[in-house]
Amino acid sequence: MLIRDLIESNVVKVSKDTTWREALELMEEHDTNGIFVVDGHGKYLGAVTIADLINFVVPPYMKENPDLAKSAGPGTFFELCVAKQHIKVEKFMDKRRAFFRPNISLTEVVAASLGTDSYRIPVVDKEGKLVGVVNRRHIREALGQRFKEQP
């Protein structure tokens, strides 16, 4: 099976000038934990997940020593978010996320994604334009369908 058979083309695309807050609002509006960054021609530039949003606002000293967060007040996390809400996604988007072409086998995608926490795998055409996404739900559904067809 090729991943082109599993592609979901209805994905949220934003420009690199989208702000942190706009990214969050789009995730809320579309009930998704990830959006994709494209240029004006639809070329894939990167991805932003809710984990990226959170990681961007938490100060390095708290990441290095989570015990320091214990001394933060109850509204600290929200204040950190407010302080970064106008920063553009180009500053923190994941530019290294693996992407695949539509004619790649499902086996190759599964093998490549096993060692990552990437649940949404971008699929781009030969010009680099984002055509959609394959996620683990699509893979699960393909497996389930295949086994239903087996005697």
# chains A, B, ... in the order shown; residues from 1 in each chain; ligands from 1
>>> select_by_dssp(residues="segment 12-140 of chain A", states="helix (DSSP H, G or I)", output="ChimeraX atom specification")
/A:20-29,50-57,60-64,66-71,76-84,89-91,106-113,136-140
>>> write_last_selection(atoms="N, CA and C atoms", output="compact mmCIF listing (two decimals), in the first residue's frame")
# COMPACT_ATOMS: atom_id res chain seq x y z
N TRP A 20 2.04 32.98 17.38
CA TRP A 20 1.85 31.91 18.36
C TRP A 20 0.37 31.80 18.71
N ARG A 21 -0.23 32.94 19.04
CA ARG A 21 -1.65 32.94 19.44
C ARG A 21 -2.57 32.50 18.30
N GLU A 22 -2.31 32.99 17.10
CA GLU A 22 -3.14 32.58 15.96
C GLU A 22 -3.01 31.07 15.72
N ALA A 23 -1.81 30.54 15.89
CA ALA A 23 -1.62 29.10 15.73
C ALA A 23 -2.47 28.35 16.75
N LEU A 24 -2.42 28.79 18.00
CA LEU A 24 -3.23 28.16 19.04
C LEU A 24 -4.71 28.25 18.71
N GLU A 25 -5.17 29.42 18.29
CA GLU A 25 -6.58 29.60 17.97
C GLU A 25 -7.02 28.70 16.81
N LEU A 26 -6.14 28.54 15.82
CA LEU A 26 -6.47 27.66 14.69
C LEU A 26 -6.54 26.20 15.13
N MET A 27 -5.64 25.80 16.03
CA MET A 27 -5.70 24.44 16.56
C MET A 27 -7.01 24.21 17.30
N GLU A 28 -7.42 25.20 18.06
CA GLU A 28 -8.69 25.10 18.79
C GLU A 28 -9.86 25.03 17.81
N GLU A 29 -9.87 25.94 16.85
CA GLU A 29 -10.96 26.02 15.89
C GLU A 29 -11.12 24.73 15.07
N ILE A 50 1.03 21.45 19.29
CA ILE A 50 0.76 22.04 20.60
C ILE A 50 1.99 21.90 21.49
N ALA A 51 2.73 20.82 21.32
CA ALA A 51 3.97 20.64 22.09
C ALA A 51 4.98 21.72 21.74
N ASP A 52 5.05 22.11 20.46
CA ASP A 52 5.95 23.19 20.05
C ASP A 52 5.54 24.50 20.69
N LEU A 53 4.24 24.77 20.74
CA LEU A 53 3.74 26.01 21.36
C LEU A 53 4.14 26.05 22.84
N ILE A 54 3.91 24.96 23.53
CA ILE A 54 4.23 24.90 24.96
C ILE A 54 5.73 24.99 25.18
N ASN A 55 6.48 24.23 24.42
CA ASN A 55 7.94 24.22 24.56
C ASN A 55 8.53 25.61 24.35
N PHE A 56 7.95 26.38 23.43
CA PHE A 56 8.46 27.71 23.13
C PHE A 56 8.29 28.68 24.30
N VAL A 57 7.23 28.54 25.06
CA VAL A 57 6.98 29.51 26.13
C VAL A 57 7.66 29.16 27.46
N PRO A 60 14.08 28.14 29.33
CA PRO A 60 15.10 27.08 29.37
C PRO A 60 15.46 26.65 30.79
N TYR A 61 15.53 27.58 31.72
CA TYR A 61 15.93 27.19 33.08
C TYR A 61 14.90 26.25 33.73
N MET A 62 13.63 26.38 33.35
CA MET A 62 12.61 25.47 33.89
C MET A 62 12.69 24.11 33.22
N LYS A 63 13.08 24.08 31.94
CA LYS A 63 13.23 22.80 31.24
C LYS A 63 14.43 22.04 31.81
N GLU A 64 15.49 22.77 32.10
CA GLU A 64 16.70 22.15 32.63
C GLU A 64 16.51 21.67 34.06
N PRO A 66 13.16 21.23 36.23
CA PRO A 66 11.71 21.34 36.44
C PRO A 66 11.31 21.67 37.88
N ASP A 67 12.19 21.41 38.85
CA ASP A 67 11.87 21.76 40.24
C ASP A 67 11.70 23.26 40.41
N LEU A 68 12.34 24.05 39.56
CA LEU A 68 12.21 25.51 39.65
C LEU A 68 10.78 25.96 39.36
N ALA A 69 10.07 25.18 38.57
CA ALA A 69 8.69 25.53 38.24
C ALA A 69 7.78 25.44 39.46
N LYS A 70 8.20 24.70 40.48
CA LYS A 70 7.38 24.56 41.69
C LYS A 70 7.22 25.90 42.41
N SER A 71 8.19 26.77 42.25
CA SER A 71 8.12 28.06 42.93
C SER A 71 7.34 29.11 42.13
N THR A 76 1.53 31.68 36.29
CA THR A 76 2.80 31.88 35.57
C THR A 76 2.77 31.33 34.15
N PHE A 77 2.26 30.12 33.97
CA PHE A 77 2.26 29.54 32.62
C PHE A 77 1.45 30.40 31.66
N PHE A 78 0.28 30.86 32.09
CA PHE A 78 -0.54 31.71 31.24
C PHE A 78 0.20 33.01 30.93
N GLU A 79 0.86 33.58 31.91
CA GLU A 79 1.63 34.82 31.70
C GLU A 79 2.75 34.60 30.69
N LEU A 80 3.40 33.45 30.76
CA LEU A 80 4.45 33.13 29.79
C LEU A 80 3.87 33.05 28.38
N CYS A 81 2.69 32.48 28.27
CA CYS A 81 2.02 32.37 26.97
C CYS A 81 1.65 33.74 26.43
N VAL A 82 1.10 34.58 27.28
CA VAL A 82 0.71 35.93 26.87
C VAL A 82 1.93 36.70 26.38
N ALA A 83 3.05 36.54 27.06
CA ALA A 83 4.27 37.26 26.69
C ALA A 83 4.78 36.85 25.30
N LYS A 84 4.49 35.64 24.87
CA LYS A 84 5.01 35.15 23.58
C LYS A 84 3.94 35.11 22.49
N VAL A 89 5.44 32.06 14.04
CA VAL A 89 5.78 30.64 14.09
C VAL A 89 7.11 30.31 13.44
N GLU A 90 7.59 31.16 12.56
CA GLU A 90 8.88 30.89 11.92
C GLU A 90 10.00 30.81 12.95
N LYS A 91 9.80 31.39 14.13
CA LYS A 91 10.82 31.39 15.18
C LYS A 91 10.91 30.04 15.90
N LEU A 106 3.73 2.30 2.57
CA LEU A 106 3.29 2.41 3.96
C LEU A 106 4.35 1.84 4.90
N THR A 107 5.02 0.79 4.48
CA THR A 107 6.07 0.17 5.29
C THR A 107 7.18 1.18 5.59
N GLU A 108 7.59 1.93 4.58
CA GLU A 108 8.65 2.92 4.77
C GLU A 108 8.23 4.02 5.74
N VAL A 109 7.01 4.48 5.63
CA VAL A 109 6.50 5.52 6.53
C VAL A 109 6.44 5.01 7.96
N VAL A 110 5.91 3.82 8.13
CA VAL A 110 5.80 3.25 9.47
C VAL A 110 7.18 3.08 10.09
N ALA A 111 8.12 2.53 9.33
CA ALA A 111 9.47 2.32 9.85
C ALA A 111 10.13 3.64 10.23
N ALA A 112 9.95 4.67 9.43
CA ALA A 112 10.58 5.96 9.69
C ALA A 112 9.95 6.68 10.88
N SER A 113 8.68 6.44 11.13
CA SER A 113 8.00 7.17 12.21
C SER A 113 8.08 6.47 13.56
N ARG A 136 -1.21 8.39 12.40
CA ARG A 136 -1.31 7.01 12.91
C ARG A 136 -2.73 6.48 12.89
N ARG A 137 -3.70 7.37 12.96
CA ARG A 137 -5.10 6.94 12.84
C ARG A 137 -5.35 6.37 11.45
N HIS A 138 -4.80 7.03 10.41
CA HIS A 138 -4.95 6.52 9.05
C HIS A 138 -4.32 5.14 8.91
N ILE A 139 -3.15 4.98 9.52
CA ILE A 139 -2.46 3.69 9.46
C ILE A 139 -3.28 2.62 10.18
N ARG A 140 -3.81 2.97 11.36
CA ARG A 140 -4.64 2.02 12.11
C ARG A 140 -5.87 1.63 11.31
>>> residues_around(residues="Arg120 of chain A", least_positions_apart="2", cutoff="8 Å", atoms="only C-alpha atoms", output="list in words")
Gly34, Ser118, Pro122, Val133, Val134, Asn135 and Arg136 of chain A
